[in-house]
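File shown: data_1.cif. Contents: mmCIF, C-alpha atoms.
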data_target
loop_
_atom_site.label_atom_id
_atom_site.label_comp_id
_atom_site.auth_asym_id
_atom_site.auth_seq_id
_atom_site.Cartn_x
_atom_site.Cartn_y
_atom_site.Cartn_z
CA MET O 1 24.40 -7.27 -28.34
CA PRO O 2 27.51 -9.13 -27.07
CA LEU O 3 29.35 -7.48 -24.22
CA ILE O 4 32.69 -8.06 -25.95
CA TRP O 5 31.52 -5.45 -28.45
CA TRP O 6 31.85 -2.95 -25.63
CA ARG O 7 34.92 -4.32 -23.93
CA ASN O 8 36.96 -4.18 -27.13
CA ARG O 9 36.08 -0.59 -27.93
CA GLU O 10 38.89 1.93 -28.07
CA LYS O 11 39.22 3.81 -24.77
CA GLY O 12 39.63 7.52 -24.29
CA VAL O 13 36.94 9.05 -26.51
CA GLY O 14 34.02 10.24 -24.43
CA MET O 15 31.75 13.12 -23.58
CA SER O 16 33.55 16.31 -22.68
CA ASN O 17 30.63 18.65 -21.99
CA GLU O 18 30.14 19.54 -18.35
CA PRO O 19 27.35 17.32 -16.96
CA ARG O 20 24.95 18.45 -14.29
CA THR O 21 24.29 16.18 -11.37
CA ASP O 22 22.32 16.69 -8.21
CA CYS O 23 25.45 16.11 -6.15
CA ASP O 24 29.08 15.16 -6.46
CA ILE O 25 29.30 11.53 -7.50
CA ASP O 26 31.31 9.25 -5.25
CA THR O 27 33.54 7.26 -7.58
CA ALA O 28 34.49 4.65 -5.02
CA SER O 29 33.84 1.09 -6.10
CA ALA O 30 31.00 -0.83 -4.56
CA ASP O 31 31.92 -3.44 -1.97
CA SER O 32 33.64 -6.25 -3.85
CA ALA O 33 31.99 -8.74 -1.51
CA VAL O 34 28.60 -7.87 -2.99
CA GLY O 35 27.52 -9.91 -5.99
CA ALA O 36 26.21 -8.42 -9.22
CA ARG O 37 23.48 -5.91 -8.46
CA ARG O 38 20.41 -6.05 -10.66
CA ILE O 39 19.19 -2.74 -12.11
CA TYR O 40 15.58 -2.45 -13.18
CA PHE O 41 15.84 -0.29 -16.32
CA ALA O 42 12.59 1.67 -16.65
CA GLY O 43 11.67 3.96 -19.52
CA PRO O 44 9.81 4.23 -22.82
CA LEU O 45 10.07 1.05 -24.91
CA PHE O 46 7.66 1.59 -27.77
CA SER O 47 9.82 2.40 -30.79
CA HIS O 48 12.85 0.82 -32.44
CA LYS O 49 15.17 3.62 -31.33
CA GLU O 50 13.93 3.36 -27.73
CA LEU O 51 14.27 -0.42 -27.64
CA THR O 52 17.71 -0.38 -29.28
CA GLY O 53 18.95 2.52 -27.17
CA ASN O 54 17.86 0.75 -23.99
CA ARG O 55 19.77 -2.37 -24.99
CA LEU O 56 22.91 -0.47 -25.95
CA LEU O 57 23.00 1.39 -22.64
CA ALA O 58 22.22 -1.75 -20.63
CA ASP O 59 25.13 -3.63 -22.25
CA ALA O 60 27.41 -0.64 -21.70
CA VAL O 61 26.54 -0.51 -17.97
CA ASP O 62 27.35 -4.21 -17.63
CA ALA O 63 30.67 -3.77 -19.44
CA GLU O 64 31.77 -0.55 -17.74
CA SER O 65 30.98 -1.96 -14.29
CA ALA O 66 32.83 -5.21 -15.02
CA SER O 67 29.47 -6.93 -14.43
CA ARG O 68 29.07 -5.47 -10.92
CA TYR O 69 25.76 -4.18 -12.24
CA THR O 70 23.49 -5.92 -14.71
CA CYS O 71 20.33 -4.42 -16.20
CA VAL O 72 16.92 -6.03 -16.33
CA LEU O 73 15.01 -4.65 -19.33
CA PRO O 74 11.20 -4.80 -19.13
CA GLN O 75 11.17 -5.10 -22.94
CA ASP O 76 12.84 -8.52 -22.57
CA ILE O 77 10.46 -9.86 -19.92
CA ASP O 78 8.33 -12.76 -21.12
CA VAL O 79 4.77 -12.55 -19.85
CA SER O 80 2.65 -15.70 -20.05
CA SER O 81 -0.54 -13.66 -20.41
CA HIS O 82 -0.82 -10.37 -22.22
CA THR O 83 -3.62 -8.82 -20.21
CA ALA O 84 -2.93 -5.31 -19.00
CA LYS O 85 -2.79 -6.38 -15.35
CA ASP O 86 -0.47 -9.30 -16.03
CA ILE O 87 1.99 -7.01 -17.83
CA ARG O 88 1.83 -4.45 -15.04
CA ASP O 89 2.25 -7.11 -12.35
CA ALA O 90 5.23 -8.67 -14.14
CA ASP O 91 6.98 -5.29 -14.28
CA PHE O 92 6.29 -4.61 -10.59
CA GLY O 93 7.48 -8.11 -9.73
CA HIS O 94 10.80 -7.64 -11.51
CA LEU O 95 11.24 -4.23 -9.89
CA LEU O 96 10.75 -5.87 -6.49
CA ASP O 97 13.33 -8.53 -7.38
CA CYS O 98 15.96 -5.96 -8.41
CA ASP O 99 18.42 -4.22 -6.11
CA CYS O 100 18.07 -0.76 -7.65
CA ALA O 101 16.51 1.02 -10.62
CA LEU O 102 17.45 3.32 -13.50
CA PHE O 103 14.71 5.60 -14.81
CA ASN O 104 14.79 7.26 -18.23
CA PHE O 105 13.21 10.66 -17.67
CA ASP O 106 13.32 11.92 -21.28
CA GLY O 107 10.39 13.62 -22.97
CA ALA O 108 8.48 16.90 -22.87
CA GLU O 109 6.21 14.98 -20.51
CA LEU O 110 7.65 12.09 -18.54
CA ASP O 111 6.40 8.64 -19.52
CA SER O 112 3.53 7.96 -17.13
CA GLY O 113 4.36 4.28 -16.62
CA THR O 114 7.97 5.15 -15.78
CA VAL O 115 6.80 7.69 -13.19
CA VAL O 116 4.55 5.10 -11.53
CA GLU O 117 7.44 2.63 -11.37
CA PHE O 118 9.70 5.31 -9.91
CA ILE O 119 7.27 6.13 -7.11
CA PHE O 120 6.78 2.42 -6.42
CA ALA O 121 10.57 2.01 -6.24
CA LYS O 122 10.82 4.85 -3.74
CA MET O 123 8.08 3.37 -1.58
CA ILE O 124 10.18 0.19 -1.23
CA ASP O 125 13.41 2.20 -0.79
CA ARG O 126 15.17 1.04 -3.95
CA PRO O 127 18.28 3.11 -4.76
CA ALA O 128 17.54 4.99 -7.98
CA VAL O 129 19.25 6.98 -10.72
CA LEU O 130 17.21 9.39 -12.86
CA LEU O 131 18.68 9.88 -16.34
CA ARG O 132 17.69 12.60 -18.78
CA THR O 133 19.45 13.33 -22.08
CA ASP O 134 16.55 15.40 -23.46
CA PHE O 135 17.85 18.97 -23.79
CA ARG O 136 14.37 20.52 -23.50
CA THR O 137 13.38 22.17 -20.25
CA GLY O 138 10.06 21.56 -18.56
CA GLY O 139 8.30 21.14 -15.28
CA ASP O 140 7.56 23.73 -12.62
CA GLN O 141 10.94 24.10 -10.88
CA CYS O 142 12.67 27.40 -11.56
CA ASP O 143 16.19 26.22 -10.76
CA GLY O 144 15.65 22.52 -10.21
CA ASP O 145 15.01 19.40 -12.22
CA PRO O 146 13.38 19.82 -15.67
CA TRP O 147 10.22 17.94 -14.70
CA ASN O 148 7.32 18.16 -12.28
CA LEU O 149 8.47 18.83 -8.73
CA MET O 150 6.50 15.84 -7.43
CA CYS O 151 9.15 13.59 -9.03
CA SER O 152 12.05 15.22 -7.16
CA PHE O 153 13.57 15.29 -3.67
CA TYR O 154 13.42 11.56 -2.88
CA PRO O 155 16.09 9.94 -0.70
CA ARG O 156 18.66 7.51 -2.08
CA THR O 157 18.27 8.98 -5.57
CA ARG O 158 20.76 10.54 -7.98
CA THR O 159 20.01 12.66 -11.06
CA LEU O 160 22.13 12.68 -14.22
CA LEU O 161 21.33 15.37 -16.80
CA ARG O 162 23.02 15.33 -20.21
CA ASN O 163 22.44 17.44 -23.32
CA GLY O 164 21.61 14.90 -25.99
CA MET O 165 22.17 17.30 -28.89
CA GLU O 166 25.63 18.24 -27.67
CA GLU O 167 26.52 14.58 -27.22
CA TYR O 168 25.27 13.77 -30.73
CA ARG O 169 27.38 16.52 -32.30
CA LYS O 170 30.46 15.39 -30.41
CA THR O 171 29.78 11.82 -31.51
CA CYS O 172 29.57 12.90 -35.16
CA ALA O 173 32.79 14.93 -34.84
CA GLY O 174 34.79 12.11 -33.24
CA SER O 175 37.97 10.80 -34.81
CA GLY O 176 36.70 7.24 -35.27
CA SER O 177 33.86 5.85 -37.31
CA PHE O 178 30.36 6.82 -36.28
CA GLY O 179 29.77 3.34 -34.83
CA GLU O 180 32.95 3.54 -32.76
CA ASN O 181 32.07 7.01 -31.52
CA VAL O 182 28.58 5.88 -30.54
CA ARG O 183 30.07 3.06 -28.47
CA ASP O 184 32.37 5.54 -26.74
CA THR O 185 29.48 7.88 -26.01
CA TYR O 186 27.39 5.10 -24.49
CA GLY O 187 30.41 3.87 -22.55
CA ALA O 188 31.03 7.30 -21.01
CA LEU O 189 27.36 7.63 -20.07
CA ALA O 190 27.41 4.13 -18.56
CA ARG O 191 30.43 5.03 -16.42
CA ASP O 192 28.56 8.00 -14.98
CA ILE O 193 25.58 5.76 -14.23
CA VAL O 194 27.79 3.24 -12.47
CA HIS O 195 29.43 5.99 -10.38
CA ALA O 196 25.99 7.32 -9.44
CA PHE O 197 24.82 3.90 -8.29
CA ASP O 198 28.01 3.41 -6.29
CA ALA O 199 27.30 6.72 -4.54
CA VAL O 200 23.67 5.99 -3.76
CA PHE O 201 24.49 2.52 -2.40
CA ALA O 202 26.92 4.21 0.00
CA GLU O 203 23.91 5.79 1.72
CA PRO O 204 22.25 3.80 4.51
CA PRO O 205 18.83 2.27 3.81
CA LEU O 206 15.83 4.07 5.24
CA THR O 207 14.95 1.02 7.34
CA GLN O 208 17.99 1.85 9.45
CA HIS O 209 15.84 4.57 11.00
CA SER O 210 12.55 2.68 10.95
CA GLU O 211 10.86 -0.02 12.96
CA LEU O 212 9.80 -1.69 9.72
CA SER O 213 11.89 -4.34 7.99
CA ASN O 214 12.47 -4.55 4.23
CA SER O 215 10.24 -7.62 4.03
CA GLN O 216 7.40 -5.81 5.82
CA ILE O 217 7.68 -2.80 3.50
CA GLU O 218 7.70 -4.98 0.40
CA ALA O 219 4.78 -7.08 1.65
CA TRP O 220 2.73 -3.89 2.14
CA ALA O 221 3.75 -2.61 -1.31
CA ARG O 222 2.55 -5.85 -2.91
CA LEU O 223 -0.73 -5.58 -1.05
CA ALA O 224 -1.22 -1.90 -1.89
CA ALA O 225 -0.50 -2.53 -5.59
CA GLY O 226 -2.82 -5.54 -5.74
CA LEU O 227 -0.11 -7.99 -6.68
#
What does the file become when written as structure tokens?
Amino acid sequence: MPLIWWRNREKGVGMSNEPRTDCDIDTASADSAVGARRIYFAGPLFSHKELTGNRLLADAVDAESASRYTCVLPQDIDVSSHTAKDIRDADFGHLLDCDCALFNFDGAELDSGTVVEFIFAKMIDRPAVLLRTDFRTGGDQCDGDPWNLMCSFYPRTRTLLRNGMEEYRKTCAGSGSFGENVRDTYGALARDIVHAFDAVFAEPPLTQHSELSNSQIEAWARLAAGL
């Protein structure tokens, strides 16, 4: 999907429902001296709507950030061998190569592979954004995140919760064509994701308070994962 498709969209039509976040998002721009940051985009990728939705959001993030962030989609990774371990290792390898990670936490039960990648990302201190547009509640937290508590409370992590049904109805009721309204909806969501990443990158890395270096942590993670 060409990025110009997003850049030429009409501005000003977005999501007006009140989003819930785990904190106030810092809207300051990331340091302009930093090159494009690579986002590992983790989530279900087994159906046409999942694959297409991932691509649409990835392109929107690139466009809305003016290419300060670019998404790496596991669905687009070429693996020379299709054994289970080779696929797993390729995904872990790309996660290690990325600067941060976006995790799609939709579903009555979170996708198990996505959860494993999230925990791996936290063990190597990758800044992360957790995105959920599924309006169903779940998990075991009375007033917290709508998933199992073991996936919450990690440092350098932001949570974005959106009501997918409300967004769909607003998209259908928009003044433009459905295609135009969909682009606006994805664009607004992408802007929130970009702001969340800007905020989490403003936090110091955990190694600032550790005797371990990033390279040592990543070397141990590779060893522990059998890479």
Q: Please identify all polymer residues within 9 Å of O:Glu109, counting all atoms listed in the file, omitting same-chain residues fewer than 5 positions from it, and present them as a PyMOL selection string.
A: chain O and resi 138-139+147-148
Q | Nearest to O:Tyr69 by atom-to-atom distance, counting all atoms listed in the file, from O:Leu223, O:Val194, O:Ile217, O:Leu212 | A |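 So, comparing all the options, the nearest one is O:Val194.
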Q: Report as number ranges by chain the residues that result from applying the PyMOL selection byres ((chain O and resi 133) around 7) to the structure here.
A: O: 106, 131-132, 134-135, 161-164
Q: Could you expand the PyMOL selection byres ((chain O and resi 84-91) around 10) into the explicit residues it covers here, written as an MDAnalysis selection string?
A: chainID O and resid 40 42 73:75 77:83 92:97 113 117 222 225:227
Q. For O:Asn104, which residue out of O:Asp184, O:Asp198, O:Glu167, O:Glu50 is the nearest one, using only C-alpha atoms?
A. O:Glu50
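Shortest atom-to-atom contact with O:Arg38 among O:Gly179, O:Gly107, O:Gly187, O:Pro127: O:Pro127, counting only C-alpha atoms.
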Q: Identify the residues within 12 Å of coordinate (25.6, -4.6, -21.0) (same frame as the file), considering all atoms listed in the file, and give the answer as a ChimeraX atom specification.
A: /O:1-7,38-39,41,53-73,183,186-187,190-191,194
Q: Starting from the shown file, work through the PyMOL selection byres ((chain O and resi 197) around 9) and note down what comes out as a PyMOL selection string.
A: chain O and resi 25-26+30+100+127-129+157-158+192-196+198-202
Just to be explicit: take each residue in the selection above, keep C-alpha atoms, and write the result as a compact mmCIF listing (two decimals), in the frame of the given file.
# COMPACT_ATOMS: atom_id res chain seq x y z
CA ILE O 25 29.30 11.53 -7.50
CA ASP O 26 31.31 9.25 -5.25
CA ALA O 30 31.00 -0.83 -4.56
CA CYS O 100 18.07 -0.76 -7.65
CA PRO O 127 18.28 3.11 -4.76
CA ALA O 128 17.54 4.99 -7.98
CA VAL O 129 19.25 6.98 -10.72
CA THR O 157 18.27 8.98 -5.57
CA ARG O 158 20.76 10.54 -7.98
CA ASP O 192 28.56 8.00 -14.98
CA ILE O 193 25.58 5.76 -14.23
CA VAL O 194 27.79 3.24 -12.47
CA HIS O 195 29.43 5.99 -10.38
CA ALA O 196 25.99 7.32 -9.44
CA ASP O 198 28.01 3.41 -6.29
CA ALA O 199 27.30 6.72 -4.54
CA VAL O 200 23.67 5.99 -3.76
CA PHE O 201 24.49 2.52 -2.40
CA ALA O 202 26.92 4.21 0.00
Q | Coordinates-based distance that separates atom CA of O:Phe118 from atom CA of O:Phe103 (Å, one decimal) | A | 7.0 Å
Q) atom CA of O:Phe153 and atom CA of O:Gln141, how far apart in Å? A) 11.7 Å
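Taking atom CA of O:Phe105 as the reference point, atom CA of O:Met123 is found at 18.4 Å.
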Some atoms are missing, so please complete stretch 159-179 of chain O with N, CA and C atoms and return it as a compact mmCIF listing (two decimals), in the coordinates of the input.
# COMPACT_ATOMS: atom_id res chain seq x y z
N THR O 159 20.49 12.15 -9.77
CA THR O 159 20.01 12.66 -11.06
C THR O 159 21.21 12.92 -11.97
N LEU O 160 21.13 12.42 -13.20
CA LEU O 160 22.13 12.68 -14.22
C LEU O 160 21.46 13.38 -15.40
N LEU O 161 21.87 14.61 -15.68
CA LEU O 161 21.33 15.37 -16.80
C LEU O 161 22.42 15.54 -17.86
N ARG O 162 22.09 15.19 -19.09
CA ARG O 162 23.02 15.33 -20.21
C ARG O 162 22.29 16.00 -21.37
N ASN O 163 23.01 16.79 -22.15
CA ASN O 163 22.44 17.44 -23.32
C ASN O 163 22.62 16.52 -24.53
N GLY O 164 21.53 15.88 -24.93
CA GLY O 164 21.61 14.90 -25.99
C GLY O 164 22.09 15.46 -27.31
N MET O 165 21.73 16.70 -27.64
CA MET O 165 22.17 17.30 -28.89
C MET O 165 23.67 17.54 -28.88
N GLU O 166 24.19 18.04 -27.77
CA GLU O 166 25.63 18.24 -27.67
C GLU O 166 26.38 16.92 -27.79
N GLU O 167 25.87 15.89 -27.15
CA GLU O 167 26.52 14.58 -27.22
C GLU O 167 26.49 14.04 -28.65
N TYR O 168 25.37 14.24 -29.35
CA TYR O 168 25.27 13.77 -30.73
C TYR O 168 26.29 14.46 -31.62
N ARG O 169 26.43 15.77 -31.48
CA ARG O 169 27.38 16.52 -32.30
C ARG O 169 28.81 16.10 -32.01
N LYS O 170 29.13 15.86 -30.75
CA LYS O 170 30.46 15.39 -30.41
C LYS O 170 30.71 14.00 -30.97
N THR O 171 29.66 13.17 -30.95
CA THR O 171 29.78 11.82 -31.51
C THR O 171 30.07 11.89 -33.00
N CYS O 172 29.37 12.77 -33.71
CA CYS O 172 29.57 12.90 -35.16
C CYS O 172 30.96 13.45 -35.48
N ALA O 173 31.50 14.28 -34.59
CA ALA O 173 32.79 14.93 -34.84
C ALA O 173 33.97 14.10 -34.35
N GLY O 174 33.71 12.93 -33.78
CA GLY O 174 34.79 12.11 -33.24
C GLY O 174 35.76 11.63 -34.30
N SER O 175 36.92 11.20 -33.86
CA SER O 175 37.97 10.80 -34.81
C SER O 175 37.74 9.41 -35.41
N GLY O 176 36.95 8.58 -34.75
CA GLY O 176 36.70 7.24 -35.27
C GLY O 176 35.50 7.21 -36.19
N SER O 177 35.08 6.00 -36.53
CA SER O 177 33.86 5.85 -37.31
C SER O 177 32.67 6.21 -36.42
N PHE O 178 31.53 6.45 -37.06
CA PHE O 178 30.36 6.82 -36.28
C PHE O 178 30.01 5.72 -35.29
N GLY O 179 30.08 4.46 -35.73
CA GLY O 179 29.77 3.34 -34.83
C GLY O 179 30.70 3.29 -33.63
